[in-house]
>>> print(open('target-v1.txt').read())   # compact mmCIF, C-alpha atoms and all ligand atoms
# COMPACT_ATOMS: atom_id res chain seq x y z
CA MET A 296 -55.24 -3.89 9.12
CA LEU A 297 -52.48 -5.88 7.37
CA ILE A 298 -50.15 -3.76 5.26
CA ASP A 299 -47.01 -5.02 3.54
CA GLN A 300 -43.70 -3.22 3.10
CA TYR A 301 -44.87 -1.66 -0.18
CA GLY A 302 -48.02 -0.23 1.39
CA ARG A 303 -50.36 -2.82 -0.12
CA LYS A 304 -53.34 -3.71 2.04
CA VAL A 305 -53.53 -7.48 2.37
CA ASP A 306 -57.08 -8.65 3.03
CA TYR A 307 -57.26 -11.88 1.03
CA LEU A 308 -56.20 -15.27 2.42
CA ARG A 309 -56.01 -18.31 0.15
CA ILE A 310 -55.98 -21.57 2.06
CA SER A 311 -54.86 -24.82 0.49
CA LEU A 312 -56.82 -27.46 2.42
CA THR A 313 -54.88 -30.41 1.05
CA GLU A 314 -52.21 -31.08 -1.56
CA ARG A 315 -53.98 -34.34 -2.43
CA CYS A 316 -56.05 -34.55 -5.55
CA ASN A 317 -58.31 -36.98 -7.37
CA PHE A 318 -57.03 -35.63 -10.73
CA ARG A 319 -53.53 -35.65 -12.19
CA CYS A 320 -53.71 -32.61 -14.44
CA GLN A 321 -50.78 -32.55 -16.81
CA TYR A 322 -50.04 -28.90 -16.09
CA CYS A 323 -50.08 -29.32 -12.31
CA MET A 324 -48.98 -32.78 -11.17
CA PRO A 325 -45.67 -34.56 -11.70
CA GLU A 326 -45.33 -37.31 -14.26
CA LYS A 327 -43.57 -39.55 -11.75
CA PRO A 328 -45.50 -40.83 -8.76
CA PHE A 329 -44.73 -39.10 -5.50
CA SER A 330 -45.66 -39.54 -1.88
CA TRP A 331 -48.12 -37.20 -0.24
CA VAL A 332 -47.46 -35.34 2.95
CA PRO A 333 -48.72 -37.64 5.74
CA LYS A 334 -52.22 -36.70 6.90
CA GLU A 335 -50.96 -36.07 10.44
CA ASN A 336 -48.83 -33.20 9.11
CA LEU A 337 -51.91 -31.31 7.92
CA LEU A 338 -53.50 -28.67 10.10
CA ASP A 339 -56.83 -30.00 11.31
CA PHE A 340 -59.88 -27.77 10.92
CA GLU A 341 -59.89 -26.85 14.58
CA ASP A 342 -56.32 -25.49 14.45
CA LEU A 343 -56.87 -23.95 11.05
CA PHE A 344 -59.93 -22.16 12.34
CA LYS A 345 -57.94 -20.68 15.24
CA PHE A 346 -55.64 -19.06 12.69
CA VAL A 347 -58.49 -18.02 10.39
CA LYS A 348 -60.21 -16.22 13.28
CA ALA A 349 -57.00 -14.33 14.11
CA ALA A 350 -56.46 -13.46 10.44
CA ILE A 351 -60.03 -12.14 10.19
CA ASP A 352 -59.48 -10.08 13.34
CA GLU A 353 -56.35 -8.64 11.70
CA GLY A 354 -58.26 -7.54 8.60
CA ILE A 355 -58.76 -10.51 6.27
CA THR A 356 -62.14 -10.03 4.55
CA LYS A 357 -61.86 -12.54 1.73
CA ILE A 358 -60.94 -16.23 1.92
CA ARG A 359 -60.57 -18.79 -0.86
CA LEU A 360 -60.37 -22.50 -0.12
CA THR A 361 -58.29 -24.39 -2.63
CA GLY A 362 -55.79 -27.23 -2.87
CA GLY A 363 -55.03 -29.85 -4.22
CA GLU A 364 -58.67 -30.68 -4.29
CA PRO A 365 -60.46 -29.06 -1.34
CA THR A 366 -63.56 -31.24 -1.68
CA LEU A 367 -61.46 -34.24 -0.60
CA ARG A 368 -61.39 -32.90 2.96
CA ALA A 369 -64.07 -34.52 5.11
CA ASP A 370 -66.32 -32.10 7.00
CA LEU A 371 -65.60 -29.29 4.56
CA ASP A 372 -69.10 -27.91 5.07
CA SER A 373 -68.58 -27.78 8.86
CA PHE A 374 -65.37 -25.80 8.37
CA ILE A 375 -67.15 -23.40 6.04
CA LYS A 376 -69.91 -22.97 8.59
CA MET A 377 -67.40 -22.26 11.37
CA ILE A 378 -65.91 -19.42 9.31
CA CYS A 379 -69.29 -18.01 8.27
CA ASP A 380 -70.71 -18.16 11.79
CA TYR A 381 -67.68 -16.23 13.02
CA LYS A 382 -67.90 -13.60 10.25
CA PRO A 383 -71.17 -13.81 8.34
CA ASP A 384 -70.17 -11.14 5.80
CA ILE A 385 -66.87 -12.85 4.90
CA ASP A 386 -66.36 -13.19 1.15
CA LEU A 387 -65.81 -16.95 1.10
CA ALA A 388 -65.03 -18.74 -2.15
CA MET A 389 -63.55 -22.05 -3.27
CA THR A 390 -61.66 -23.37 -6.28
CA THR A 391 -62.39 -26.97 -7.23
CA ASN A 392 -62.09 -29.41 -10.10
CA GLY A 393 -65.84 -30.02 -9.63
CA TYR A 394 -65.63 -33.81 -9.66
CA LEU A 395 -67.33 -34.31 -6.28
CA LEU A 396 -69.51 -31.23 -6.39
CA LYS A 397 -72.71 -32.88 -7.57
CA ASP A 398 -73.42 -34.37 -4.15
CA ILE A 399 -72.16 -31.53 -1.95
CA ALA A 400 -72.92 -28.25 -3.72
CA HIS A 401 -76.14 -27.61 -1.81
CA ARG A 402 -74.52 -28.47 1.53
CA LEU A 403 -71.64 -26.09 0.84
CA LYS A 404 -74.06 -23.30 -0.08
CA ASP A 405 -76.13 -23.92 3.04
CA ALA A 406 -72.96 -23.78 5.14
CA GLY A 407 -72.26 -20.28 3.80
CA LEU A 408 -70.07 -20.69 0.70
CA LYS A 409 -70.84 -17.91 -1.75
CA ARG A 410 -68.68 -18.37 -4.79
CA LEU A 411 -67.05 -21.21 -6.63
CA ASN A 412 -64.44 -21.43 -9.39
CA VAL A 413 -64.55 -24.69 -11.29
CA SER A 414 -61.73 -25.81 -13.57
CA LEU A 415 -63.00 -26.93 -16.97
CA ASP A 416 -60.34 -27.45 -19.63
CA SER A 417 -62.33 -29.32 -22.25
CA LEU A 418 -65.85 -30.25 -23.27
CA ASN A 419 -64.56 -33.31 -25.06
CA PRO A 420 -64.54 -36.39 -22.77
CA LYS A 421 -61.34 -37.79 -24.30
CA THR A 422 -59.42 -34.52 -24.09
CA ALA A 423 -60.66 -33.90 -20.55
CA ALA A 424 -59.44 -37.40 -19.63
CA ILE A 425 -56.05 -36.82 -21.24
CA ILE A 426 -55.58 -33.59 -19.27
CA ALA A 427 -56.90 -34.87 -15.93
CA GLY A 428 -55.52 -38.39 -16.16
CA LYS A 429 -58.93 -40.06 -15.93
CA ASP A 430 -62.46 -39.88 -17.23
CA VAL A 431 -63.85 -36.79 -15.48
CA LEU A 432 -66.07 -34.75 -17.77
CA ASP A 433 -69.55 -36.05 -16.86
CA ASN A 434 -68.94 -35.52 -13.16
CA VAL A 435 -67.46 -32.05 -13.65
CA LEU A 436 -70.40 -30.93 -15.80
CA ALA A 437 -72.89 -32.37 -13.29
CA GLY A 438 -70.99 -30.55 -10.55
CA ILE A 439 -71.23 -27.23 -12.36
CA GLU A 440 -74.99 -27.67 -12.86
CA ALA A 441 -75.44 -28.62 -9.18
CA ALA A 442 -73.51 -25.54 -8.07
CA LEU A 443 -75.67 -23.30 -10.25
CA ASP A 444 -78.79 -25.04 -9.00
CA ALA A 445 -77.68 -24.43 -5.41
CA GLY A 446 -77.40 -20.71 -6.14
CA LEU A 447 -73.62 -20.50 -5.93
CA LYS A 448 -71.95 -17.83 -8.04
CA VAL A 449 -69.81 -19.85 -10.45
CA LYS A 450 -66.79 -18.93 -12.54
CA ILE A 451 -64.90 -21.29 -14.83
CA ASN A 452 -61.10 -21.57 -15.13
CA MET A 453 -59.54 -22.91 -18.32
CA VAL A 454 -55.83 -23.43 -19.00
CA PRO A 455 -55.40 -23.50 -22.81
CA LEU A 456 -52.59 -25.77 -24.02
CA LYS A 457 -51.13 -25.92 -27.50
CA GLY A 458 -52.19 -28.97 -29.46
CA VAL A 459 -54.37 -30.21 -26.60
CA ASN A 460 -57.41 -27.98 -25.98
CA GLU A 461 -56.55 -24.74 -27.80
CA HIS A 462 -59.30 -25.36 -30.37
CA GLU A 463 -61.88 -25.43 -27.56
CA ILE A 464 -61.32 -21.90 -26.27
CA CYS A 465 -64.41 -20.53 -28.04
CA ASP A 466 -66.50 -23.59 -27.18
CA ILE A 467 -65.77 -23.16 -23.47
CA LEU A 468 -66.52 -19.45 -23.85
CA ASP A 469 -69.89 -20.28 -25.43
CA PHE A 470 -70.64 -22.90 -22.77
CA CYS A 471 -70.12 -20.24 -20.11
CA LYS A 472 -71.92 -17.52 -22.06
CA GLU A 473 -75.03 -19.71 -22.36
CA ARG A 474 -75.02 -20.20 -18.60
CA LYS A 475 -74.19 -16.55 -17.87
CA ILE A 476 -71.07 -17.52 -15.97
CA GLN A 477 -67.69 -15.89 -16.37
CA VAL A 478 -64.79 -17.85 -17.83
CA ARG A 479 -61.21 -16.94 -17.07
CA PHE A 480 -58.51 -18.21 -19.40
CA ILE A 481 -55.31 -18.78 -17.45
CA GLU A 482 -51.96 -18.76 -19.21
CA TYR A 483 -50.14 -21.99 -18.51
CA MET A 484 -47.43 -21.34 -15.94
CA GLU A 485 -44.31 -23.39 -16.45
CA ASN A 486 -43.32 -25.39 -13.42
CA VAL A 487 -41.07 -28.32 -12.66
CA HIS A 488 -43.98 -30.59 -11.73
CA ALA A 489 -45.87 -30.31 -15.01
CA HIS A 490 -45.45 -32.71 -17.90
CA SER A 491 -42.35 -31.59 -19.71
CA GLU A 492 -43.72 -31.59 -23.25
CA LEU A 493 -46.58 -29.16 -22.46
CA LYS A 494 -46.76 -25.85 -24.27
CA GLY A 495 -48.98 -23.08 -23.01
CA MET A 496 -50.57 -20.26 -24.97
CA HIS A 497 -49.78 -16.60 -24.61
CA GLY A 498 -52.62 -14.27 -23.70
CA LYS A 499 -52.43 -12.77 -27.20
CA GLU A 500 -52.82 -16.19 -28.82
CA ILE A 501 -55.83 -16.93 -26.61
CA LEU A 502 -57.42 -13.59 -27.57
CA ASN A 503 -56.70 -14.22 -31.26
CA ARG A 504 -58.62 -17.47 -31.07
CA ILE A 505 -61.58 -15.65 -29.53
CA LYS A 506 -61.37 -12.89 -32.15
CA GLN A 507 -61.92 -15.52 -34.84
CA ARG A 508 -65.48 -15.86 -33.51
CA TYR A 509 -66.21 -12.57 -31.73
CA ASP A 510 -65.40 -8.87 -31.72
CA ILE A 511 -64.10 -8.06 -28.29
CA GLU A 512 -63.26 -4.93 -26.33
CA LYS A 513 -61.03 -4.33 -23.33
CA ILE A 514 -62.57 -3.51 -19.97
CA GLY A 515 -59.53 -3.75 -17.65
CA ARG A 516 -58.79 -5.10 -14.22
CA GLN A 517 -61.23 -4.78 -11.37
CA GLY A 518 -59.79 -4.14 -7.95
CA SER A 519 -56.92 -6.46 -7.15
CA SER A 520 -58.08 -9.32 -9.35
CA PRO A 521 -55.32 -10.79 -11.54
CA ALA A 522 -57.85 -11.20 -14.38
CA PHE A 523 -57.94 -8.63 -17.17
CA LEU A 524 -61.53 -8.40 -18.35
CA TYR A 525 -62.89 -8.24 -21.91
CA ARG A 526 -66.41 -7.83 -23.25
CA ILE A 527 -67.91 -9.41 -26.34
CA LYS A 528 -69.02 -6.41 -28.36
CA GLY A 529 -72.76 -5.98 -28.63
CA GLU A 530 -73.34 -8.48 -25.83
CA GLU A 531 -73.19 -8.10 -22.08
CA TYR A 532 -70.91 -11.12 -21.76
CA ILE A 533 -67.61 -10.55 -19.97
CA PHE A 534 -64.66 -12.95 -19.74
CA GLY A 535 -61.23 -12.74 -18.13
CA LEU A 536 -57.63 -13.45 -19.06
CA ILE A 537 -55.06 -14.21 -16.38
CA ASP A 538 -51.58 -13.50 -17.64
CA PRO A 539 -49.08 -14.15 -14.84
CA HIS A 540 -46.12 -13.60 -17.14
CA LYS A 541 -46.87 -9.91 -16.80
CA HIS A 542 -46.30 -8.21 -13.49
CA ASP A 543 -48.90 -5.52 -13.76
CA PHE A 544 -51.28 -7.02 -11.21
CA CYS A 545 -48.55 -7.34 -8.56
CA GLU A 546 -48.76 -3.71 -7.59
CA SER A 547 -52.30 -4.22 -6.33
CA CYS A 548 -51.74 -7.73 -4.93
CA ASN A 549 -53.77 -8.17 -1.76
CA ARG A 550 -53.20 -11.86 -1.08
CA ILE A 551 -51.31 -14.21 1.13
CA ARG A 552 -51.38 -18.00 1.04
CA LEU A 553 -51.49 -20.75 3.64
CA THR A 554 -50.59 -24.34 2.75
CA ALA A 555 -52.31 -27.37 4.24
CA GLU A 556 -49.25 -27.97 6.40
CA GLY A 557 -49.41 -24.47 7.84
CA TYR A 558 -46.82 -22.60 5.79
CA LEU A 559 -47.59 -18.98 5.05
CA ILE A 560 -46.38 -17.94 1.61
CA PRO A 561 -46.14 -14.26 0.66
CA CYS A 562 -46.27 -14.82 -3.12
CA LEU A 563 -47.19 -17.81 -5.29
CA TYR A 564 -43.92 -17.50 -7.14
CA PHE A 565 -41.53 -17.46 -4.19
CA ASP A 566 -40.09 -20.30 -2.17
CA GLU A 567 -39.79 -18.33 1.04
CA ALA A 568 -42.38 -19.46 3.62
CA MET A 569 -42.84 -19.58 7.39
CA SER A 570 -44.85 -22.06 9.39
CA ILE A 571 -47.59 -21.12 11.83
CA LYS A 572 -48.27 -24.77 12.64
CA ASP A 573 -46.40 -25.05 15.95
CA ALA A 574 -47.70 -21.72 17.21
CA VAL A 575 -51.29 -22.67 16.42
CA LYS A 576 -50.97 -26.19 17.83
CA GLU A 577 -49.55 -24.74 21.07
CA GLY A 578 -52.47 -22.31 21.20
CA ASP A 579 -50.08 -19.35 20.88
CA ILE A 580 -52.17 -17.31 18.45
CA ASP A 581 -50.25 -14.12 19.20
CA ARG A 582 -47.10 -15.81 17.89
CA ALA A 583 -48.99 -16.95 14.78
CA VAL A 584 -50.02 -13.33 14.16
CA VAL A 585 -46.40 -12.18 14.59
CA ILE A 586 -45.37 -14.77 11.98
CA LEU A 587 -48.17 -13.57 9.69
CA LYS A 588 -46.86 -10.00 9.93
CA GLU A 589 -43.28 -11.13 9.36
CA VAL A 590 -44.29 -13.01 6.22
CA LEU A 591 -46.10 -9.89 5.01
CA SER A 592 -43.00 -7.82 5.57
CA ASN A 593 -41.23 -10.24 3.18
CA LYS A 594 -43.90 -10.02 0.51
CA PRO A 595 -42.03 -9.24 -2.72
CA LYS A 596 -42.83 -6.28 -4.93
CA GLU A 597 -43.57 -8.44 -7.95
CA ASN A 598 -43.51 -12.05 -9.07
CA ARG A 599 -40.49 -13.62 -10.70
CA TRP A 600 -42.42 -15.65 -13.16
CA ASN A 601 -40.64 -15.41 -16.46
CA GLU A 602 -40.46 -18.13 -19.02
CA GLY A 603 -37.33 -20.20 -18.57
CA ASP A 604 -36.56 -18.46 -15.30
CA SER A 605 -34.72 -21.00 -13.24
CA GLU A 606 -35.37 -18.85 -10.19
CA ALA A 607 -39.10 -19.50 -10.47
CA SER A 608 -40.65 -21.28 -7.54
CA SER A 609 -40.26 -25.02 -7.40
CA ARG A 610 -43.33 -25.23 -5.17
CA ALA A 611 -46.18 -27.04 -6.90
CA PHE A 612 -49.57 -25.57 -7.70
CA TYR A 613 -51.22 -28.49 -5.96
CA GLU A 614 -49.44 -27.37 -2.77
CA THR A 615 -50.10 -23.66 -3.01
CA GLY A 616 -53.55 -23.77 -4.53
CA GLY A 617 -52.71 -21.98 -7.77
N1 LIG A 701 -58.06 -28.66 -7.67
C1 LIG A 701 -58.69 -27.40 -7.81
C2 LIG A 701 -58.85 -27.03 -9.27
O1 LIG A 701 -58.20 -27.65 -10.10
O2 LIG A 701 -59.61 -26.11 -9.55
C3 LIG A 701 -58.01 -26.28 -7.06
C4 LIG A 701 -56.51 -26.24 -7.08
S1 LIG A 701 -55.79 -25.87 -8.66
C5 LIG A 701 -54.08 -25.87 -8.26
C6 LIG A 701 -56.24 -24.14 -8.83
C7 LIG A 701 -56.16 -23.60 -10.23
O3 LIG A 701 -54.80 -23.61 -10.64
C8 LIG A 701 -56.92 -24.39 -11.27
O4 LIG A 701 -57.84 -23.54 -11.94
C9 LIG A 701 -55.87 -24.88 -12.22
O5 LIG A 701 -56.34 -24.91 -13.54
C10 LIG A 701 -54.78 -23.86 -12.02
N2 LIG A 701 -53.46 -24.36 -12.37
C11 LIG A 701 -52.83 -25.46 -11.90
N3 LIG A 701 -51.62 -25.60 -12.47
C12 LIG A 701 -51.48 -24.57 -13.34
C13 LIG A 701 -50.46 -24.16 -14.23
N4 LIG A 701 -49.34 -24.82 -14.37
N5 LIG A 701 -50.66 -23.04 -14.96
C14 LIG A 701 -51.81 -22.33 -14.83
N6 LIG A 701 -52.81 -22.66 -14.01
C15 LIG A 701 -52.65 -23.77 -13.28
FE1 LIG A 702 -55.76 -31.44 -9.00
FE2 LIG A 702 -56.50 -28.94 -9.43
FE3 LIG A 702 -53.93 -29.72 -9.82
FE4 LIG A 702 -55.80 -30.58 -11.47
S1 LIG A 702 -55.19 -28.44 -11.17
S2 LIG A 702 -54.21 -31.85 -10.51
S3 LIG A 702 -57.53 -30.78 -10.17
S4 LIG A 702 -54.98 -29.64 -7.90
>>> encode(input="target-v1.txt", output="structure tokens")
Amino acid sequence: MLIDQYGRKVDYLRISLTERCNFRCQYCMPEKPFSWVPKENLLDFEDLFKFVKAAIDEGITKIRLTGGEPTLRADLDSFIKMICDYKPDIDLAMTTNGYLLKDIAHRLKDAGLKRLNVSLDSLNPKTAAIIAGKDVLDNVLAGIEAALDAGLKVKINMVPLKGVNEHEICDILDFCKERKIQVRFIEYMENVHAHSELKGMHGKEILNRIKQRYDIEKIGRQGSSPAFLYRIKGEEYIFGLIDPHKHDFCESCNRIRLTAEGYLIPCLYFDEAMSIKDAVKEGDIDRAVVILKEVLSNKPKENRWNEGDSEASSRAFYETGG
């Protein structure tokens, strides 16, 4: 079992499969062009799987594949199958922008993927294009339908932004309600890579928008999820709000992150990281496990994410997987 210095059981590994992306979301990617990490610096699936097996043996029961855009990795379904063959009851999920999902959703489900979070920030083609940097909406919507058709359990992520998509909060909620899928509104997290003029919305402002259309009631957090859940009164429909500016979910944090280059990160909001790449490439899995435990011993008590906090991590969401 993996336990950190504050006694928290860590059983959730988030793996960023690539920092590359076919979108340029304003809240995630830099305005200026940048060069990607060379492909040869990425852990290949064989090496990654060696570490995943060891992490599962140490007590990881839940894995999320993310990025960048994880669907850009070739042979993604084979990697999923390797994990599921090794541990059939693993809780394996993925976060994606949905753009390529239409053609692969069934394959991913057949390989063993159970759950999928799709980012959907607007139902208006022009607004979606402004946020993502290209015309994406048709493909994303087709991807969501394909995932549902394949029998994947889908959740939607929306990042509301002032003056951009804030007026669509209830429309996205209704879109999800009609399809009986949960939406989670994520407060925009300031970061040095995002477009500088962006303004996020506070959780309260997001809820106020929803209250203009619906009566809602608090449910609370479930387990170690960062989402605080609400119910629409008189209906069964439940949605979530992720408010990272608060620290109250840190005390039950159960996660650790691995970047595509092999860096283990104890907290999304910290720059400290250690690489398992050399150990894994040399086949020294014991050393990789020692590094894993050392990173856990450095896992901070709570995140440092405060508005205007210059100490906040400079690492990009497209590297860490959000
Ligand atoms: N490309 C995939 C996607 O967009 O779903 C997976 C990676 S993305 C980094 C994971 C999640 O992080 C997405 O739901 C995205 O909306 C969210 N995200 C990225 N940058 C963010 C920011 N600055 N504030 C809040 N959420 C952010
Ligand atoms: Fe790509 Fe996801 Fe970042 Fe958008 S949020 S740029 S889709 S990694």
>>> closest_residue(input="target-v1.txt", among="A:Asp416, A:Asp405, A:Asp372, A:Glu530", to="His462 (chain A)", atoms="all atoms listed in the file")
A:Asp416
>>> residues_around(input="target-v1.txt", residues="region 577-584 of chain A", least_positions_apart="2", cutoff="8 Å", atoms="all atoms listed in the file", output="list in words")
Lys345, Phe346, Ala349, Ala350, Ile571, Asp573, Ala574, Val575, Ile586, Leu587 and Lys588 of chain A
>>> write_last_selection(input="target-v1.txt", atoms="C-alpha atoms", output="PDB file, keeping the file's coordinate frame")
ATOM      1  CA  LYS A 345     -57.940 -20.680  15.240  1.00  0.00           C
ATOM      2  CA  PHE A 346     -55.640 -19.060  12.690  1.00  0.00           C
ATOM      3  CA  ALA A 349     -57.000 -14.330  14.110  1.00  0.00           C
ATOM      4  CA  ALA A 350     -56.460 -13.460  10.440  1.00  0.00           C
ATOM      5  CA  ILE A 571     -47.590 -21.120  11.830  1.00  0.00           C
ATOM      6  CA  ASP A 573     -46.400 -25.050  15.950  1.00  0.00           C
ATOM      7  CA  ALA A 574     -47.700 -21.720  17.210  1.00  0.00           C
ATOM      8  CA  VAL A 575     -51.290 -22.670  16.420  1.00  0.00           C
ATOM      9  CA  ILE A 586     -45.370 -14.770  11.980  1.00  0.00           C
ATOM     10  CA  LEU A 587     -48.170 -13.570   9.690  1.00  0.00           C
ATOM     11  CA  LYS A 588     -46.860 -10.000   9.930  1.00  0.00           C
TER      12      LYS A 588
END
>>> closest_residue(input="target-v1.txt", among="A:Ser373, A:Asn392, A:Thr313, A:Gln300", to="ligand LIG 702 (chain A)", atoms="all atoms listed in the file")
A:Asn392
>>> closest_residue(input="target-v1.txt", among="A:His401, A:Arg474, A:Lys376, A:His490", to="Cys323 (chain A)", atoms="all atoms listed in the file")
A:His490
>>> closest_residue(input="target-v1.txt", among="A:Ser330, A:Ser417, A:Thr391, A:Asn549", to="ligand LIG 702 (chain A)", atoms="only C-alpha atoms and all ligand atoms")
A:Thr391
>>> residues_near_ligand(input="target-v1.txt", ligand="ligand LIG 701 (chain A)", cutoff="8 Å", atoms="only C-alpha atoms and all ligand atoms", output="PyMOL selection string")
chain A and resi 311+316+318+320+322-324+361-365+389-393+412-416+451-454+481-486+489+611-617
>>> atom_distance(input="target-v1.txt", atom1="CA of Gln507 (chain A)", atom2="CA of Ile464 (chain A)")
10.7 Å
>>> residues_around(input="target-v1.txt", residues="region 509-513 of chain A", least_positions_apart="3", cutoff="7 Å", atoms="all atoms listed in the file", output="PDB file with C-alpha atoms, in the frame of the given file")
ATOM      1  CA  ILE A 505     -61.580 -15.650 -29.530  1.00  0.00           C
ATOM      2  CA  LYS A 506     -61.370 -12.890 -32.150  1.00  0.00           C
ATOM      3  CA  LEU A 524     -61.530  -8.400 -18.350  1.00  0.00           C
ATOM      4  CA  TYR A 525     -62.890  -8.240 -21.910  1.00  0.00           C
ATOM      5  CA  ARG A 526     -66.410  -7.830 -23.250  1.00  0.00           C
ATOM      6  CA  ILE A 527     -67.910  -9.410 -26.340  1.00  0.00           C
ATOM      7  CA  LYS A 528     -69.020  -6.410 -28.360  1.00  0.00           C
TER       8      LYS A 528
END
>>> closest_residue(input="target-v1.txt", among="A:Phe470, A:Tyr394, A:Phe523, A:Tyr558", to="ligand LIG 702 (chain A)", atoms="all atoms listed in the file")
A:Tyr394
>>> build_atoms(input="target-v1.txt", residues="region 348-354 of chain A", atoms="all heavy atoms", output="JSON list (two decimals), in the coordinates of the input")
[["chain", "number", "residue", "atom", "x", "y", "z"],
["A", 348, "LYS", "N", -59.57, -17.24, 12.42],
["A", 348, "LYS", "CA", -60.21, -16.22, 13.28],
["A", 348, "LYS", "C", -59.26, -15.05, 13.51],
["A", 348, "LYS", "O", -59.64, -13.88, 13.40],
["A", 348, "LYS", "CB", -60.59, -16.83, 14.64],
["A", 348, "LYS", "CG", -61.92, -17.53, 14.64],
["A", 348, "LYS", "CD", -62.47, -17.74, 16.04],
["A", 348, "LYS", "CE", -61.61, -18.64, 16.88],
["A", 348, "LYS", "NZ", -62.16, -19.01, 18.16],
["A", 349, "ALA", "N", -58.00, -15.39, 13.85],
["A", 349, "ALA", "CA", -57.00, -14.33, 14.11],
["A", 349, "ALA", "C", -56.77, -13.51, 12.85],
["A", 349, "ALA", "O", -56.67, -12.27, 12.92],
["A", 349, "ALA", "CB", -55.70, -14.97, 14.59],
["A", 350, "ALA", "N", -56.70, -14.19, 11.70],
["A", 350, "ALA", "CA", -56.46, -13.46, 10.44],
["A", 350, "ALA", "C", -57.63, -12.53, 10.13],
["A", 350, "ALA", "O", -57.44, -11.39, 9.69],
["A", 350, "ALA", "CB", -56.25, -14.47, 9.31],
["A", 351, "ILE", "N", -58.85, -13.00, 10.40],
["A", 351, "ILE", "CA", -60.03, -12.14, 10.19],
["A", 351, "ILE", "C", -59.96, -10.94, 11.12],
["A", 351, "ILE", "O", -60.19, -9.79, 10.72],
["A", 351, "ILE", "CB", -61.33, -12.95, 10.40],
["A", 351, "ILE", "CG1", -61.52, -13.96, 9.26],
["A", 351, "ILE", "CG2", -62.54, -12.02, 10.50],
["A", 351, "ILE", "CD1", -62.69, -14.93, 9.45],
["A", 352, "ASP", "N", -59.59, -11.19, 12.37],
["A", 352, "ASP", "CA", -59.48, -10.08, 13.34],
["A", 352, "ASP", "C", -58.44, -9.06, 12.89],
["A", 352, "ASP", "O", -58.55, -7.88, 13.19],
["A", 352, "ASP", "CB", -59.11, -10.61, 14.73],
["A", 352, "ASP", "CG", -60.23, -11.44, 15.34],
["A", 352, "ASP", "OD1", -61.36, -11.38, 14.81],
["A", 352, "ASP", "OD2", -59.98, -12.15, 16.32],
["A", 353, "GLU", "N", -57.41, -9.54, 12.16],
["A", 353, "GLU", "CA", -56.35, -8.64, 11.70],
["A", 353, "GLU", "C", -56.73, -7.90, 10.41],
["A", 353, "GLU", "O", -56.01, -7.04, 9.96],
["A", 353, "GLU", "CB", -55.04, -9.42, 11.46],
["A", 353, "GLU", "CG", -54.38, -9.93, 12.72],
["A", 353, "GLU", "CD", -53.90, -8.81, 13.65],
["A", 353, "GLU", "OE1", -53.47, -7.77, 13.15],
["A", 353, "GLU", "OE2", -53.97, -9.00, 14.88],
["A", 354, "GLY", "N", -57.84, -8.29, 9.79],
["A", 354, "GLY", "CA", -58.26, -7.54, 8.60],
["A", 354, "GLY", "C", -58.53, -8.35, 7.35],
["A", 354, "GLY", "O", -58.80, -7.79, 6.28]]
